[in-house]
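Participant: The structure that follows is given in the form of structure tokens.
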There are 2 protein chains.
Amino acid sequence: MMMMMMATMRKKSPGFLFVYSRIFHSHQPLNLHHNNSLLRSGTSFCTPISRYFGSIRECRKAFQASAINHFKVPSGFRFRCITSLSSVVQRNPSFSRLNSDDIEFFRSILGEKNVVQDEDRLLDANTDWLRKYRGSSKLLLQPRSTEEVSQILKYCNSRDLPVVPQGGNTGLVGGSVPVFDEVSGILVCEAGGILENLSSFLDNQGFIMPLDLGAKGSCQIGGNVSTNAGGLRLVRYGSLHGSVLGLEVVLADGRVLDMLGTLRKDNTGYDLKHLFIGSEGTLGIITKISILTPPKLPAINVAFLGCKDYSSCQKLLVDAKRKLGEILSAFEFLDNMSMDLVLNHLEGIRNPLPPTMHNFYVLLETTGTDESYDKEKLEAFLLRSMEGGLVSDGVLAQDINQISSFWQIREGIPEALMKAGAVYKYDLSLPVEKMYDLVEEMRTRLGNSAKVIGYGHLGDGNLHLNISTPQYDDAVFAQIEPFVYEWTSNHRGSISAEHGLGLMKANKITYSKSPEIVQIMGSIKKLLDPRGILNPYKVLPHSLHS
Amino acid sequence: MMMMMMATMRKKSPGFLFVYSRIFHSHQPLNLHHNNSLLRSGTSFCTPISRYFGSIRECRKAFQASAINHFKVPSGFRFRCITSLSSVVQRNPSFSRLNSDDIEFFRSILGEKNVVQDEDRLLDANTDWLRKYRGSSKLLLQPRSTEEVSQILKYCNSRDLPVVPQGGNTGLVGGSVPVFDEVSGILVCEAGGILENLSSFLDNQGFIMPLDLGAKGSCQIGGNVSTNAGGLRLVRYGSLHGSVLGLEVVLADGRVLDMLGTLRKDNTGYDLKHLFIGSEGTLGIITKISILTPPKLPAINVAFLGCKDYSSCQKLLVDAKRKLGEILSAFEFLDNMSMDLVLNHLEGIRNPLPPTMHNFYVLLETTGTDESYDKEKLEAFLLRSMEGGLVSDGVLAQDINQISSFWQIREGIPEALMKAGAVYKYDLSLPVEKMYDLVEEMRTRLGNSAKVIGYGHLGDGNLHLNISTPQYDDAVFAQIEPFVYEWTSNHRGSISAEHGLGLMKANKITYSKSPEIVQIMGSIKKLLDPRGILNPYKVLPHSLHS
């Protein structure tokens, strides 16, 4: 039996439930925003579907062919039980199978309606998790408090019932209302807080969340932290290891670890919370979070620039850090194939730099306290950059609509890729100066058989490498992997910059981490989850899970 | 036998060797800068002397009374052996005693001159470590490479010889030259790099270190990371958990963990490096570091302000974060007793706000790209704050000398305290709004028997609580402890914001951490250092060391 806490359907925001339905139950085109929310669901507890499927079409096919039972649930934590797994992963024989006594026990803790066996209700919840695997879910549990999570885990641990955490306690009601201190800027909230709701809550107080993602309308802060989500504000506000100040975590045996400090500085012993940031739910279930939030700055300016080569983009980044310094808040790049794709496949998107096509484009954003001063500064910077030849052409957004339309180009790439056919997606960290070499080598390698596009967070050394073919092709795939991992490893890069390892990349961890490190990770897993019930087969190589 | 890696005397900077000598071998007044460097040596591997002594005088007394043998060493890593420890700490009976075979072995690895038994040479190195303890050091080892550290540890582990890491490989020569990538802003260096040298190195490239400390002239980056040093730039650039991107660490058994990533983003498995940041050398010895460095911004402005009450200081902080936003780089506060102390005990310091004395003072710094614009902005902010009544009076530094003189007041407090007599020092993290309540409660508690002063990093919720008496007084001490820890614990504060736990506070960890957390820390210690040879008796409660 496999038990899961699912990405939750929110009763406070039924729109997202609808969207999930739309994606998996019909063949309507996807809404960009929600499309993104799936693509970036590395930011939720669950492994994002985009890691497992060449395209959303394949995902639908796989889903339709699977024998999974689905359960739809209105809100709350969820656990899901699956009877069998994949042909790839050998089921751990020490795990028990769910029986009627287990279900009785869960009902006694959670009440009838939070122990869900209804097939329909599992449907949405189950889909963004599986690929080639044939599962058949039997149970969804919806604990609503840390105490309930603790009781469930304690029981599952004693019974060797594996658990997959996939969502948080949702409703921002009653005890779940976040607590905010405006002097320190520290927010304390439950793991199920939806990023966008938390952002709105802070907005009223003049603050922002230190991370922003396309998925913000549906992803939950617990998932963001569990997967160490990166996103668009990382270049300015740093990673969650810097901004998360405290966590409450339930361990596999039900022990509740209170690390929910609300202090910027605390040097008393080992800072254990970092183990749980980015461990994808394999070491414990995050139930509460305290996080440092930056003040909201009113002045946002965005420029969209064309550059003749990748080297110019790099030099522009160095200059921007120096000259724009404290106001630089995003530095994204895309190549001309990305632009081409967006222009050809998405409606209502226009090239802001007609009619010339450039080899590279940079989206540069500043955020500060004074709009006119910032704009003046940005204009002066762009002028100098054009005179110096780093920028061939550029436009500065004149209003919020233009800002939004520039961002749509950058954020529209994943959707355009899906519309173009099958897509092989890689989320890599590489030394900035070598980053684009991989795109070019891949193009040489694949020739005319695929389109290779590169874009991403240049400021963070994070390349989104995407390979697009009309349909999924094993021969192309064999040309891509393991080459892409080997190349990344040889250049001391990371095979997953922000999307995590999940199930598919668990065995690939050694491309980024030495055997000594992986061994210690395994020991820590054993220490915190000795029976291995939490999110089995994920993150660590399968050999370390049994 | 206890083995130590000592805070190193640097052949490249003999001034510091001289200063160490001056502090411990004569009764000359201390130079402010180097005085600070000791006070803040929570930032070096070793436990700072200021944690153990009421005043530098006591430290001298204790030192003179101790039976320690000292060894002076020109450079490199160092290990020191001590035969007996304190009356407080029971020596772990499983540890071996050093014999001549051990010394032979070390000589075969390090060469004759790096295995130091000369008594004089241990003198300086030994002193900033002990308090009531009577130690007698026998050996200092100076490994110069990761490989040598690894061989030594492997041997010590097999022989159960305990090791205290206290410094790094120093010289910034040959293979030790840091490697810097200006596109990403990532610096890779050896643990022994002196903070000030690294800062100078970066300065030439237009970047700065993300931390700054009074101790920068002598503290080493390995020590900074091992103790998770905070310092003056934290409010702007965040903690080392955010800016350290990678570490190379040697474990107790000699295994070298290569976590020396130079990537801003890497989500492949558990981020183990965080275990070593702030663990004070008890889990492994850091040998190399990669760290993200911010660009150097040319425009620094400093204002020195008087406020009528603590509440005004808080409101001013909130306003400053909103209105100055991206350029705010420091927000320090001191109370009028701190000011009084500095004016009375340090020469050449003038009150910038004569003739009125205010109840509180705030030092506010901005750092940006445009001096005149920033100054204009700061002036406008201060004008509004004065009109609104948050600021009673204030001055804006007109040149670098004034900037420096304002900072001298804030940074002179520790020295002034020492000159005033014995001092009981506490470095606490507390919710900002409750922070000063503790100072006031302590004043009520102690009445006329002591002066209670409060200052610190208001922007980080970090209070330096100092209690000053003409000489050390057990009765006063009994009034302070455990009250100060209990009060902090009751307000969910941390008993050590940036100075770590070391030896003296190891048993006090439970004031800040729950039993479950402490137990897991103990398990992690056992996992990484099963024989407990690394920095024994430190950080964790003594019960967990045996």
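In the structure tokens, chains take the letters A, B, ... in the order shown, each chain's residues start at 1, and ligands count up from 1 in the order shown.
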Would you kindly return, as a ChimeraX atom specification, each protein, DNA or RNA residue with an atom no farther than 9 Å from any atom of A:His274, considering only C-alpha atoms and excluding same-chain residues fewer than 3 positions away?
Facilitator: /A:241,244,271,277-279 /B:241,270-272,274-275
Participant: Identify all residues of stretch 418-485 of chain A in helix (DSSP H, G or I) (DSSP on the backbone) and supply them as a PyMOL selection string.
Facilitator: chain A and resi 418-420+432-449+458-460+474-480+483-485
Participant: Once you count only C-alpha atoms, which residues of chain A turn out to be within 6 Å of chain B? Could you give them as a PyMOL selection string?
Facilitator: chain A and resi 183+241-242+264-270+275+279+295+318+322+326+460+494+496-498+500-501+539
Participant: Please provide the set of residues having any atom within 9 Å of A:Met209, restricted to only C-alpha atoms, with same-chain residues fewer than 4 positions apart removed, written as a PyMOL selection string.
Facilitator: chain A and resi 195-196+198-199+202-203+291-296
Participant: With a distance cut-off of 8 Å and only C-alpha atoms, select the neighbouring residues of B:Ser449, excluding the residue or stretch itself and same-chain residues fewer than 3 positions from it, and output the selection as a PyMOL selection string.
Facilitator: chain B and resi 446+469+476
Participant: How many Å separate atom CA of B:Leu187 from atom CA of B:Gly246?
Facilitator: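 Going from atom CA of B:Leu187 over to atom CA of B:Gly246, I get 10.1 Å.
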Participant: Have a look at B:Asn359, B:Asn401, B:Asn224, B:Asn114 and name the one nearest to B:Ser338; count only C-alpha atoms.
Facilitator: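 For B:Ser338, the nearest of the candidates is B:Asn359.
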Participant: Rank nothing, just name the residue among B:Asn197, B:Trp407, B:Ser218, B:Phe304 nearest to B:Leu382, using only C-alpha atoms.
Facilitator: B:Phe304
Participant: Mind giving me the straight-line distance from atom CA of A:Val188 to atom CA of A:Glu411 in Å, one decimal?
Facilitator: 29.5 Å
Participant: Near stretch 307-311 of chain A, counting only C-alpha atoms, which residues have an atom at most 9 Å away, once you skip same-chain residues fewer than 2 positions from it, shown as an NGL selection string?
Facilitator: :A and (305 or 313-316 or 335 or 358-362 or 389-394 or 433 or 436)
Participant: Quick one: pull the distance between atom CA of B:Lys451 and atom CA of B:Gly231, Å, one decimal.
Facilitator: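 So the answer is 24.9 Å.
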Participant: Could you check the closest approach to B:Ala330 for each of B:Arg97, B:Arg233, B:Arg121, B:His542 and tell me which residue wins, using only C-alpha atoms?
Facilitator: B:Arg233
